[in-house]
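So this block is run_30.cif, mmCIF, C-alpha atoms:
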```cif
data_coords
loop_
_atom_site.label_atom_id
_atom_site.label_comp_id
_atom_site.auth_asym_id
_atom_site.auth_seq_id
_atom_site.Cartn_x
_atom_site.Cartn_y
_atom_site.Cartn_z
CA MET A 1 -2.58 -18.79 -10.09
CA ASP A 2 -2.64 -20.96 -13.23
CA ILE A 3 -2.00 -18.50 -16.07
CA LEU A 4 -3.80 -20.88 -18.44
CA LYS A 5 -6.92 -20.68 -16.27
CA PRO A 6 -6.96 -17.08 -14.98
CA LYS A 7 -9.67 -15.68 -12.76
CA LEU A 8 -12.46 -13.97 -14.71
CA VAL A 9 -13.66 -10.56 -13.54
CA TRP A 10 -16.84 -8.90 -14.82
CA VAL A 11 -16.87 -5.09 -14.97
CA ASP A 12 -19.80 -3.18 -16.49
CA GLY A 13 -20.93 -6.21 -18.46
CA ARG A 14 -17.47 -7.01 -19.83
CA CYS A 15 -15.36 -10.01 -18.91
CA TYR A 16 -11.64 -9.57 -18.16
CA ARG A 17 -8.90 -12.09 -17.41
CA GLN A 18 -7.14 -11.18 -14.17
CA LEU A 19 -3.49 -12.13 -14.52
CA PRO A 20 -0.79 -11.78 -11.83
CA VAL A 21 1.31 -8.64 -12.31
CA ARG A 22 4.52 -8.01 -10.44
CA LYS A 23 5.26 -4.48 -9.43
CA SER A 24 8.35 -2.99 -10.98
CA GLU A 25 11.30 -1.70 -9.00
CA VAL A 26 10.42 1.74 -10.40
CA GLU A 27 7.06 1.78 -8.62
CA ARG A 28 8.50 0.31 -5.42
CA GLU A 29 11.34 2.85 -5.29
CA GLU A 30 8.91 5.72 -5.79
CA GLU A 31 6.69 4.55 -2.93
CA GLU A 32 9.60 4.05 -0.57
CA GLU A 33 10.65 7.66 -1.14
CA PHE A 34 7.57 8.73 0.82
CA ILE A 35 6.48 5.76 2.94
CA GLN A 36 8.64 4.33 5.70
CA PRO A 37 7.31 0.86 6.60
CA MET A 38 6.75 0.01 10.25
CA LYS A 39 7.78 -3.40 11.51
CA PRO A 40 4.84 -5.03 13.33
CA ARG A 41 4.95 -5.50 17.09
CA MET A 42 5.60 -9.11 18.04
CA ARG A 43 3.58 -10.54 20.90
CA ARG A 44 5.35 -11.77 24.03
CA ASP A 45 4.48 -15.02 25.76
CA GLU A 46 2.66 -13.20 28.57
CA ASP A 47 0.27 -11.77 25.98
CA TYR A 48 -1.19 -15.25 25.45
CA GLU A 49 -2.76 -15.75 28.88
CA ASP A 50 -5.97 -13.75 28.50
CA THR A 51 -7.83 -14.07 25.23
CA ASP A 52 -11.17 -13.41 23.59
CA LEU A 53 -10.39 -15.81 20.74
CA PRO A 54 -13.14 -18.34 19.93
CA VAL A 55 -11.34 -21.43 21.20
CA LYS A 56 -13.53 -24.53 21.02
CA HIS A 57 -13.46 -27.54 23.33
CA GLN A 58 -14.19 -31.20 22.58
CA GLY A 59 -13.30 -33.94 25.04
CA ASP A 60 -9.83 -33.21 26.38
CA LYS A 61 -8.83 -31.20 23.28
CA PHE A 62 -8.97 -27.49 22.56
CA PHE A 63 -8.85 -26.22 19.01
CA ILE A 64 -9.16 -23.08 16.91
CA ALA A 65 -8.83 -22.20 13.22
CA LYS A 66 -6.56 -19.42 12.01
CA SER A 67 -7.24 -18.03 8.51
CA ILE A 68 -4.19 -16.71 6.68
CA PRO A 69 -3.48 -15.68 3.07
CA LYS A 70 -2.63 -18.64 0.85
CA ASP A 71 0.69 -17.03 -0.10
CA MET A 72 1.73 -17.07 3.58
CA ILE A 73 1.35 -20.84 4.06
CA LYS A 74 4.93 -21.52 2.99
CA PHE A 75 6.30 -19.23 5.72
CA VAL A 76 4.32 -21.03 8.44
CA ILE A 77 5.59 -24.40 7.19
CA GLY A 78 9.19 -23.27 6.73
CA LYS A 79 12.02 -25.14 5.05
CA LYS A 80 11.32 -28.87 5.24
CA GLY A 81 8.61 -28.15 7.83
CA ALA A 82 11.03 -26.64 10.34
CA THR A 83 8.91 -23.61 11.29
CA LYS A 84 5.75 -25.70 11.70
CA LYS A 85 7.62 -28.11 13.96
CA GLN A 86 9.08 -25.29 16.04
CA ILE A 87 5.60 -23.82 16.62
CA GLU A 88 4.20 -27.23 17.58
CA ASP A 89 7.08 -28.05 19.94
CA SER A 90 7.13 -24.65 21.67
CA SER A 91 3.36 -24.56 22.22
CA SER A 92 2.61 -28.28 22.65
CA THR A 93 0.09 -28.21 19.82
CA ASP A 94 -0.58 -29.88 16.48
CA LEU A 95 -1.06 -27.81 13.31
CA ASN A 96 -3.22 -29.12 10.49
CA ILE A 97 -2.19 -27.16 7.38
CA PRO A 98 -4.02 -27.90 4.11
CA ARG A 99 -2.04 -28.76 0.99
CA SER A 100 -1.77 -26.03 -1.65
CA GLU A 101 -3.69 -28.10 -4.20
CA ASP A 102 -6.58 -28.43 -1.73
CA ILE A 103 -6.92 -24.68 -1.15
CA LYS A 104 -9.68 -23.33 -3.40
CA ASP A 105 -9.68 -19.67 -2.37
CA ASP A 106 -7.02 -17.04 -1.69
CA GLU A 107 -6.77 -17.93 2.01
CA ALA A 108 -6.59 -21.10 4.05
CA ASP A 109 -7.57 -22.25 7.54
CA ILE A 110 -4.89 -23.73 9.79
CA THR A 111 -6.44 -25.84 12.55
CA ILE A 112 -4.57 -25.67 15.86
CA THR A 113 -5.19 -28.44 18.40
CA GLY A 114 -3.82 -28.62 21.96
CA LYS A 115 -4.51 -29.78 25.51
CA SER A 116 -5.06 -26.28 26.95
CA ILE A 117 -6.47 -22.93 25.91
CA SER A 118 -3.15 -21.19 26.55
CA SER A 119 -1.20 -23.58 24.31
CA VAL A 120 -3.67 -23.16 21.44
CA VAL A 121 -3.71 -19.39 21.79
CA LYS A 122 0.10 -19.30 21.94
CA ALA A 123 0.36 -21.18 18.64
CA TYR A 124 -2.35 -18.96 17.15
CA HIS A 125 -0.37 -15.82 17.92
CA ARG A 126 2.91 -17.37 16.79
CA ILE A 127 1.30 -17.93 13.38
CA GLU A 128 -0.11 -14.41 13.48
CA ASN A 129 3.36 -13.02 14.21
CA ILE A 130 4.87 -14.91 11.29
CA VAL A 131 2.21 -13.70 8.87
CA GLU A 132 2.55 -10.08 9.97
CA ASP A 133 6.34 -10.24 9.84
CA MET A 134 6.41 -11.84 6.38
CA ARG A 135 3.83 -9.35 5.12
CA TRP A 136 6.08 -6.55 6.33
CA ARG A 137 9.23 -8.12 4.85
CA PHE A 138 8.13 -9.49 1.50
CA ALA A 139 4.57 -8.62 0.51
CA GLU A 140 4.21 -5.90 -2.09
CA TYR A 141 1.80 -2.99 -2.08
CA THR A 142 -1.36 -3.97 -3.96
CA HIS A 143 -3.77 -1.06 -3.49
CA PHE A 144 -3.75 2.62 -2.71
CA ILE A 145 -6.13 5.33 -1.56
CA SER A 146 -5.74 8.46 -3.62
CA ILE A 147 -7.39 11.58 -4.97
CA PRO A 148 -7.32 11.93 -8.77
CA MET A 149 -5.71 15.18 -9.89
CA ASN A 150 -6.98 15.06 -13.47
CA ASP A 151 -9.05 18.24 -13.22
CA GLU A 152 -9.05 19.93 -16.66
CA ASN A 153 -7.46 23.10 -15.29
CA ILE A 154 -4.65 21.18 -13.60
CA ALA A 155 -4.10 18.93 -16.61
CA GLU A 156 -3.91 21.89 -18.98
CA LYS A 157 -1.35 23.71 -16.87
CA TYR A 158 0.62 20.51 -16.35
CA LEU A 159 0.88 20.12 -20.13
CA ASN A 160 2.04 23.76 -20.35
CA PHE A 161 4.69 22.96 -17.75
CA LYS A 162 5.75 19.87 -19.69
CA ASN A 163 6.07 21.84 -22.94
CA ASP A 164 8.05 24.58 -21.18
CA VAL A 165 10.46 22.03 -19.71
CA LEU A 166 10.97 20.27 -23.04
CA ARG A 167 11.55 23.56 -24.81
CA THR A 168 13.83 25.11 -22.21
CA CYS A 169 15.63 22.13 -20.69
CA ARG A 170 15.84 19.53 -23.44
CA GLY A 171 19.63 19.80 -23.35
CA SER A 172 19.72 18.75 -19.70
CA ARG A 173 20.74 15.15 -19.07
CA GLY A 174 17.86 12.69 -18.98
CA ILE A 175 15.13 15.18 -19.91
CA SER A 176 12.76 13.70 -22.49
CA GLU A 177 9.03 13.37 -23.05
CA SER A 178 9.04 9.79 -21.75
CA ILE A 179 9.77 10.75 -18.12
CA PHE A 180 6.61 12.85 -17.72
CA VAL A 181 3.57 11.30 -16.04
CA ASN A 182 0.47 10.90 -18.19
CA PRO A 183 -1.86 13.84 -17.32
CA ALA A 184 -4.79 11.42 -16.92
CA GLU A 185 -2.82 9.54 -14.23
CA LEU A 186 -1.94 12.49 -12.00
CA HIS A 187 -3.02 11.66 -8.48
CA LEU A 188 -2.37 12.43 -4.85
CA THR A 189 -1.61 9.23 -2.94
CA ILE A 190 -2.85 9.15 0.66
CA VAL A 191 -2.12 5.58 1.80
CA MET A 192 -0.46 2.49 0.30
CA LEU A 193 -1.99 -0.86 1.30
CA THR A 194 -1.15 -4.56 1.10
CA LEU A 195 -4.36 -6.55 0.63
CA LEU A 196 -3.71 -10.23 -0.04
CA THR A 197 -7.20 -11.75 0.02
CA LYS A 198 -10.76 -10.94 -0.93
CA ARG A 199 -11.66 -10.71 2.76
CA GLU A 200 -8.88 -8.19 3.40
CA LYS A 201 -10.12 -6.07 0.50
CA GLU A 202 -13.63 -6.12 1.95
CA GLU A 203 -12.35 -5.20 5.41
CA ALA A 204 -10.30 -2.30 4.02
CA ALA A 205 -13.31 -1.06 2.03
CA ALA A 206 -15.44 -1.22 5.18
CA MET A 207 -12.82 0.74 7.13
CA LEU A 208 -12.79 3.40 4.44
CA GLN A 209 -16.58 3.53 4.42
CA GLN A 210 -16.58 4.13 8.18
CA THR A 211 -14.69 7.39 7.64
CA LYS A 212 -17.23 8.71 5.13
CA ASN A 213 -19.26 10.68 7.68
CA GLN A 214 -16.13 12.19 9.25
CA ILE A 215 -14.87 13.32 5.84
CA GLN A 216 -18.24 14.80 4.94
CA GLN A 217 -18.33 16.70 8.23
CA LEU A 218 -14.87 18.12 7.61
CA LEU A 219 -15.80 19.19 4.10
CA ASP A 220 -19.10 20.69 5.31
CA GLY A 221 -20.63 20.29 1.87
CA LYS A 222 -17.87 22.24 0.15
CA PRO A 223 -15.72 20.89 -2.69
CA LEU A 224 -12.15 19.98 -1.83
CA LYS A 225 -9.98 22.48 -3.69
CA ILE A 226 -6.31 21.75 -4.17
CA GLU A 227 -3.52 23.82 -5.65
CA ILE A 228 -0.29 22.44 -7.09
CA LYS A 229 2.41 25.06 -7.01
CA GLY A 230 6.16 24.61 -7.02
CA VAL A 231 8.31 21.49 -7.34
CA GLU A 232 10.44 19.48 -4.95
CA TYR A 233 12.63 16.40 -4.99
CA MET A 234 13.73 13.99 -2.26
CA ASN A 235 17.09 12.65 -1.12
CA ASP A 236 18.92 13.67 -4.28
CA GLU A 237 21.11 16.41 -5.65
CA PRO A 238 19.39 18.73 -8.19
CA GLU A 239 21.55 17.18 -10.92
CA GLU A 240 20.66 13.61 -9.83
CA VAL A 241 16.88 13.61 -9.39
CA ARG A 242 14.85 10.43 -9.79
CA ILE A 243 11.42 11.81 -8.90
CA LEU A 244 10.19 15.38 -9.28
CA TYR A 245 6.88 16.09 -7.65
CA GLY A 246 4.49 18.98 -7.30
CA LYS A 247 3.90 20.59 -3.92
CA VAL A 248 0.27 20.48 -2.81
CA ARG A 249 -1.52 23.36 -1.15
CA GLU A 250 -5.15 23.55 -0.19
CA ASP A 251 -7.84 26.13 0.36
CA ASN A 252 -9.91 24.23 2.94
CA ASN A 253 -8.41 25.15 6.34
CA ASN A 254 -5.97 22.24 6.18
CA CYS A 255 -8.89 19.87 5.66
CA LEU A 256 -7.06 17.63 3.19
CA GLN A 257 -4.07 17.16 5.49
CA ILE A 258 -6.38 16.25 8.38
CA ILE A 259 -8.24 13.70 6.24
CA ALA A 260 -4.98 12.21 4.94
CA ASN A 261 -3.50 11.91 8.45
CA ARG A 262 -6.63 10.24 9.83
CA LEU A 263 -6.75 7.70 7.03
CA ALA A 264 -3.03 6.97 7.34
CA ASP A 265 -3.28 6.49 11.11
CA MET A 266 -6.34 4.26 10.80
CA PHE A 267 -4.73 1.92 8.30
CA SER A 268 -1.34 1.97 10.03
CA LYS A 269 -3.01 0.38 13.06
CA SER A 270 -4.37 -2.42 10.87
CA PRO A 271 -2.37 -5.22 9.20
CA PHE A 272 -2.96 -3.60 5.82
CA GLY A 273 -0.99 -0.36 6.08
CA ARG A 274 2.74 -0.22 6.67
CA LYS A 275 3.28 3.34 7.77
CA GLU A 276 3.98 4.08 11.42
CA PRO A 277 1.28 6.02 13.32
CA SER A 278 2.31 9.60 14.02
CA ASP A 279 1.15 12.76 15.77
CA ASP A 280 2.99 14.88 13.21
CA PRO A 281 0.44 17.35 11.71
CA ASN A 282 2.13 16.75 8.35
CA ASN A 283 2.39 12.97 8.77
CA VAL A 284 1.32 12.33 5.17
CA LYS A 285 3.48 14.23 2.72
CA LEU A 286 1.00 15.56 0.19
CA HIS A 287 2.57 15.36 -3.26
CA VAL A 288 1.80 14.66 -6.91
CA THR A 289 4.50 12.91 -8.94
CA LEU A 290 5.16 14.83 -12.17
CA MET A 291 8.36 13.33 -13.58
CA ARG A 292 10.22 10.08 -12.89
CA GLY A 293 13.50 8.85 -14.32
CA ARG A 294 13.51 6.16 -16.97
CA PRO A 295 13.95 2.55 -15.80
CA GLY A 296 17.61 1.60 -15.70
CA VAL A 297 19.53 -1.43 -14.47
CA ARG A 298 17.28 -3.84 -12.53
CA GLY A 299 14.36 -1.47 -12.98
CA TYR A 300 15.76 1.34 -10.82
CA LYS A 301 15.19 4.82 -12.17
CA GLU A 302 17.98 6.63 -13.94
CA PRO A 303 18.51 10.12 -12.50
CA PHE A 304 17.96 13.23 -14.57
CA ASP A 305 19.26 16.78 -14.23
CA ALA A 306 16.48 18.96 -12.78
CA SER A 307 18.65 21.91 -11.79
CA GLN A 308 17.49 24.06 -14.70
CA ILE A 309 13.86 23.28 -13.98
CA LEU A 310 14.30 24.32 -10.35
CA GLU A 311 16.17 27.51 -11.26
CA VAL A 312 14.29 28.79 -14.28
CA LEU A 313 10.76 27.43 -14.48
CA ALA A 314 7.84 28.10 -12.19
CA LEU A 315 5.46 25.16 -12.06
CA MET A 316 1.90 25.50 -13.27
CA THR A 317 -0.70 26.59 -10.76
CA GLY A 318 -3.73 24.36 -11.13
CA PHE A 319 -6.59 25.29 -8.82
CA GLY A 320 -9.54 22.97 -9.16
CA THR A 321 -11.93 20.61 -7.44
CA ALA A 322 -10.50 17.18 -6.60
CA GLY A 323 -12.27 14.10 -7.90
CA SER A 324 -14.49 11.88 -5.80
CA LYS A 325 -12.80 8.52 -6.53
CA TRP A 326 -10.75 7.76 -3.44
CA CYS A 327 -9.82 4.11 -3.93
CA GLY A 328 -7.65 2.39 -6.48
CA THR A 329 -5.81 -0.83 -7.17
CA LYS A 330 -2.11 -0.95 -7.86
CA HIS A 331 -2.55 -3.50 -10.64
CA THR A 332 -5.54 -3.50 -12.93
CA ALA A 333 -6.97 -6.52 -14.64
#
```
Let me see the file written as structure tokens.
Amino acid sequence: MDILKPKLVWVDGRCYRQLPVRKSEVEREEEEEFIQPMKPRMRRDEDYEDTDLPVKHQGDKFFIAKSIPKDMIKFVIGKKGATKKQIEDSSSTDLNIPRSEDIKDDEADITITGKSISSVVKAYHRIENIVEDMRWRFAEYTHFISIPMNDENIAEKYLNFKNDVLRTCRGSRGISESIFVNPAELHLTIVMLTLLTKREKEEAAAMLQQTKNQIQQLLDGKPLKIEIKGVEYMNDEPEEVRILYGKVREDNNNCLQIIANRLADMFSKSPFGRKEPSDDPNNVKLHVTLMRGRPGVRGYKEPFDASQILEVLALMTGFGTAGSKWCGTKHTA
């Protein structure tokens, strides 16, 4: 994106410049505490024989177009064209890849041409494998599905908790007002997603919309009530905590956990989610981040001493109705 000519986005009659924003190591580290990415399954050669792909035929040539995110073009080409050549040689095909300056949108079509359906399909899936693998290795999370936890009752008791911690534990290493999450930003993250193009965003939104009826049936017309009670930390000693989060309980016959698991499983089977499918009834760890260490060297969080919080203070109990906004973007315009 040319930062001198940013994309313009209109929201409620106002025009915003959408600039590229890189996610900090702080955000990435926090996500990785709870989400273990799953490496995509690579197709084997025998998977290429039978296909429902729309391969076209003209004369003695077969061809098909493969749309991929613009940012993935460089991985298909490889250093000095080495990857492109390897795909062409191994599948007996020719790849027509547009130049970056000719790509107008956020994705591009690679045209694959060969002398047989199987060769074209083989190259198609080789490109698909590369894109999925590079998405898993390098692409950052861009969006999330979450439930806002900014109910007035919860926010009020969170502020009481914050004041109690600052009053009682200010002498503990790393404890300061700056490491507390803004009450308006309290949320319960269900799924982290990597959506690289407009089409992927639309597909993810459609997938979420498909679950609407299932969610409504589970709720049976009742509000989703959630309680935050008690604190926990992950993979640290009490004196070396980087993230302190609130434990989530619910009063809806485990309805929230069921919804969260279904959404996580659905997106994990798509290219957009990077969490492995699971039959674990607690597959999604329901949590609300309350405190996170200050950014240190290279953006990683500096640990703080939470032992006194864990020993002395009981976390607020906020019992309220969760909000209805279930989708968010990791970076706002």
- Message: Please determine, counting all atoms listed in the file, which residue among A:Thr83, A:Thr289, A:Thr111, A:Gln308 has the shortest atom-to-atom distance to Ile228 (chain A).
- Response: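 For Ile228 (chain A), the nearest of the given residues is A:Thr289.
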- Would you list the contacts of Gly246 (chain A) as JSON, numbers by chain, taking every protein, DNA or RNA residue within 8 Å and counting only C-alpha atoms, but skipping same-chain residues closer than 2 positions in sequence? {"A": [228, 229, 230, 231, 232, 244, 248, 287, 288, 289, 290, 315]}
- What separation in Å, quoted to one decimal, exists between CA of Lys115 (chain A) and CA of Phe75 (chain A)?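 CA of Phe75 (chain A) lies at a distance of 24.9 Å from CA of Lys115 (chain A).
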- Contacts of Ile117 (chain A) at 12 Å (only C-alpha atoms; same-chain gap of 4+ positions) as a list in words: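 Selected residues are Tyr48, Glu49, Asp50, Thr51, Asp52, Leu53, Pro54, Val55, Lys56, His57, Gln58, Asp60, Lys61, Phe62, Phe63, Ile64, Ser91, Ser92, Thr93, Ile112, Thr113, Val121, Lys122, Ala123 and Tyr124 of chain A.
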- Show which residues sit within 9 Å of Gly174 (chain A), as a list in words. Count all atoms listed in the file, and ignore same-chain residues fewer than 2 positions away. Arg170, Gly171, Ser172, Ser176, Ile179, Gly293, Arg294, Glu302, Pro303, Phe304, Asp305 and Ala306 of chain A
- Query: Hey, what comes out of the PyMOL selection byres ((chain A and resi 185) around 12) on this file? Could you write it as an MDAnalysis selection string?
  - Reply: chainID A and resid 146:151 154:155 158 180:184 186:189 288:291 328
- Message: What does the structure give for the distance between CA of Ile110 (chain A) and CA of Ile127 (chain A), in Å to one decimal?
- Response: 9.2 Å
- Message: Using all atoms listed in the file, list the residues that have an atom at most 12 Å from (-4.4, 13.7, -0.1), coordinates as in the file, as an NGL selection string.
- Response: :A and (144-149 or 187-192 or 224-228 or 247-250 or 254-264 or 282-288 or 322-327)
